[in-house]
Structures are given as structure tokens and as C-alpha cells.
>>> print(open('input-v8.txt').read())   # compact mmCIF, C-alpha atoms
# COMPACT_ATOMS: atom_id res chain seq x y z
CA MET Q 1 94.32 146.93 24.82
CA GLY Q 2 92.89 149.81 26.80
CA LEU Q 3 89.99 150.19 29.13
CA GLY Q 4 86.82 151.75 27.80
CA PRO Q 5 85.26 154.93 29.17
CA ALA Q 6 83.93 154.71 32.71
CA GLN Q 7 80.20 154.27 32.92
CA CYS Q 8 78.08 155.72 35.67
CA TYR Q 9 74.50 154.77 36.36
CA CYS Q 10 72.09 156.98 38.26
CA PHE Q 11 68.75 155.74 39.51
CA CYS Q 12 66.33 158.46 40.51
CA MET Q 13 63.25 157.84 42.58
CA GLU Q 14 60.18 160.01 42.61
CA PRO Q 15 59.31 161.50 46.00
CA THR Q 16 56.35 159.95 47.78
CA ASP Q 17 54.52 160.64 51.01
CA GLU Q 18 54.69 156.99 52.07
CA VAL Q 19 57.20 156.09 54.75
CA ALA Q 20 58.46 152.57 54.72
CA GLU Q 21 58.53 150.93 58.13
CA VAL Q 22 61.93 149.56 58.88
CA GLN Q 23 62.01 146.69 61.33
CA PRO Q 24 65.28 146.37 63.22
CA GLU Q 25 66.91 143.03 62.62
CA GLN Q 26 67.00 140.72 65.59
CA PRO Q 27 70.45 139.23 66.11
CA GLU Q 28 70.62 135.47 66.03
CA ILE Q 29 70.92 134.02 69.49
CA GLU Q 30 73.42 131.20 69.61
CA GLU Q 31 72.61 128.21 71.73
CA PRO Q 32 75.14 127.78 74.53
CA VAL Q 33 77.49 124.90 73.99
CA GLN Q 34 77.33 122.28 76.72
CA ARG Q 35 80.88 121.34 77.57
CA PRO Q 36 81.83 118.59 79.97
CA GLN Q 37 83.26 119.80 83.26
CA ALA Q 38 86.82 118.84 84.05
CA ALA Q 39 87.67 117.17 87.33
CA PRO Q 40 88.89 119.65 89.97
CA ILE Q 41 92.66 119.97 90.10
CA GLU Q 42 94.08 119.31 93.54
CA SER Q 43 97.76 119.63 92.68
CA ARG Q 44 99.00 123.18 92.25
CA PHE Q 45 101.73 121.90 89.92
CA LEU Q 46 99.16 120.27 87.64
CA PHE Q 47 97.10 123.49 87.80
CA VAL Q 48 100.09 125.52 86.60
CA ASP Q 49 100.85 123.06 83.79
CA VAL Q 50 97.25 122.97 82.51
CA ALA Q 51 96.88 126.77 82.75
CA ALA Q 52 100.18 127.30 80.91
CA MET Q 53 99.09 125.06 78.05
CA ARG Q 54 95.73 126.83 77.85
CA ALA Q 55 97.42 130.26 77.91
CA LYS Q 56 99.52 129.16 74.95
CA GLN Q 57 96.32 128.26 73.07
CA LEU Q 58 94.76 131.65 73.94
CA ARG Q 59 97.84 133.53 72.71
CA ARG Q 60 97.57 131.64 69.43
CA GLY Q 61 93.97 132.80 68.94
CA ALA Q 62 91.74 130.26 70.72
CA ARG Q 63 88.35 131.56 71.85
CA LEU Q 64 87.72 132.32 75.49
CA ARG Q 65 85.54 129.71 77.23
CA LEU Q 66 84.36 131.90 80.10
CA ASN Q 67 80.75 133.11 79.87
CA GLU Q 68 78.03 134.79 81.92
CA GLU Q 69 77.38 131.68 83.99
CA ASP Q 70 80.95 131.84 85.21
CA GLY Q 71 80.56 135.48 86.23
CA TRP Q 72 82.29 136.77 83.10
CA ASP Q 73 80.92 139.58 80.93
CA PRO Q 74 81.72 138.71 77.28
CA ASN Q 75 80.92 142.27 76.13
CA ARG Q 76 83.55 143.97 78.23
CA PRO Q 77 87.03 144.27 76.82
CA THR Q 78 89.56 141.90 78.31
CA HIS Q 79 92.52 143.71 79.79
CA TYR Q 80 93.94 140.58 81.30
CA LYS Q 81 96.91 138.57 80.17
CA ALA Q 82 96.33 135.17 78.59
CA GLU Q 83 97.78 133.52 81.69
CA ARG Q 84 95.18 135.13 83.99
CA LEU Q 85 92.32 134.16 81.66
CA ALA Q 86 93.64 130.60 81.41
CA MET Q 87 93.81 130.30 85.21
CA GLU Q 88 90.18 131.45 85.48
CA GLU Q 89 89.11 128.88 82.89
CA VAL Q 90 90.96 126.09 84.71
CA LYS Q 91 89.52 127.20 88.06
CA HIS Q 92 85.98 126.98 86.64
CA GLY Q 93 86.65 123.50 85.19
CA LEU Q 94 86.36 124.61 81.56
CA VAL Q 95 89.66 123.09 80.42
CA LEU Q 96 89.78 119.33 79.95
CA TYR Q 97 93.09 117.64 80.60
CA GLU Q 98 94.60 114.18 80.76
CA VAL Q 99 97.33 113.02 83.07
CA PRO Q 100 99.51 110.43 81.34
CA PRO Q 101 99.96 107.20 83.26
CA THR Q 102 103.15 107.00 85.23
CA LYS Q 103 105.72 104.34 84.49
CA ASN Q 104 106.50 102.25 87.51
CA ALA Q 105 110.20 101.86 87.94
CA THR Q 106 110.87 98.21 88.58
CA ALA Q 107 114.41 97.13 89.08
>>> encode(input="input-v8.txt", output="C-alpha cells")
Amino acid sequence: MGLGPAQCYCFCMEPTDEVAEVQPEQPEIEEPVQRPQAAPIESRFLFVDVAAMRAKQLRRGARLRLNEEDGWDPNRPTHYKAERLAMEEVKHGLVLYEVPPTKNATA
């Protein structure tokens, strides 16, 4: 079973003096997502833990949460490590976190 001969189609248009007006397409503007703000982190150890978990998410392909309101230019290339970006997100309250309840040691 072989393939048949290749077929080529050519569509020719007659020249005209009319020039079609081409309107540039307007890009769709996405509505900003309203995210709840996280409570400020007072413990530097909790800050490091939350930022480390967020950096792990960024390295695995999560989208950056920083935007223009946070003083971040989304159009510029990011030359920062995931850890630095994660710390900025945590500092701006863009990363939600939960602290598990502590178990009281009763003896």
C-alpha cells in the first residue's frame, strides 16, 4: 500500500488597488485575582520555613504571585533564585500558611 502522488494547490488572487485596513488585535486584559493577605510573620524561623516551602513550589513550576502593586515588573526577566522570589512573596503577605497546633506535654 503506497502513498499517492503529492498534490499541491495554488490559489492566485488578482491584483486590486484596494488596501484592506488591518486593525491590530487588542490583547485580552485579565482581571487581577484578589487573594487574601496572610498575617504578618513575626518569627524569623517561621518566615524561613514558609519561604522554603514556597521556593520548592516555584522550582516545580508554580506561577509567581508578585505583581505591579507589589513593585514587581512582570515583563522583566527574573534573574533571581526561587528562594529570593519566595522571600519577597512572603514579605508582601502573598503566601498563606497555617501553623499546626502544638501538643501540650502533660505528664
>>> residues_around(input="input-v8.txt", residues="Q:Val90", least_positions_apart="4", cutoff="8 Å", atoms="only C-alpha atoms", output="list of chain:residue names")
Q:Phe47, Q:Val50, Q:Ala51, Q:Ala86, Q:Leu94, Q:Val95
>>> atom_distance(input="input-v8.txt", atom1="atom CA of Q:Lys103", atom2="atom CA of Q:Met87")
28.6 Å
>>> atom_distance(input="input-v8.txt", atom1="atom CA of Q:Gly93", atom2="atom CA of Q:Pro40")
6.5 Å
>>> atom_distance(input="input-v8.txt", atom1="atom CA of Q:Lys91", atom2="atom CA of Q:Pro77")
20.6 Å
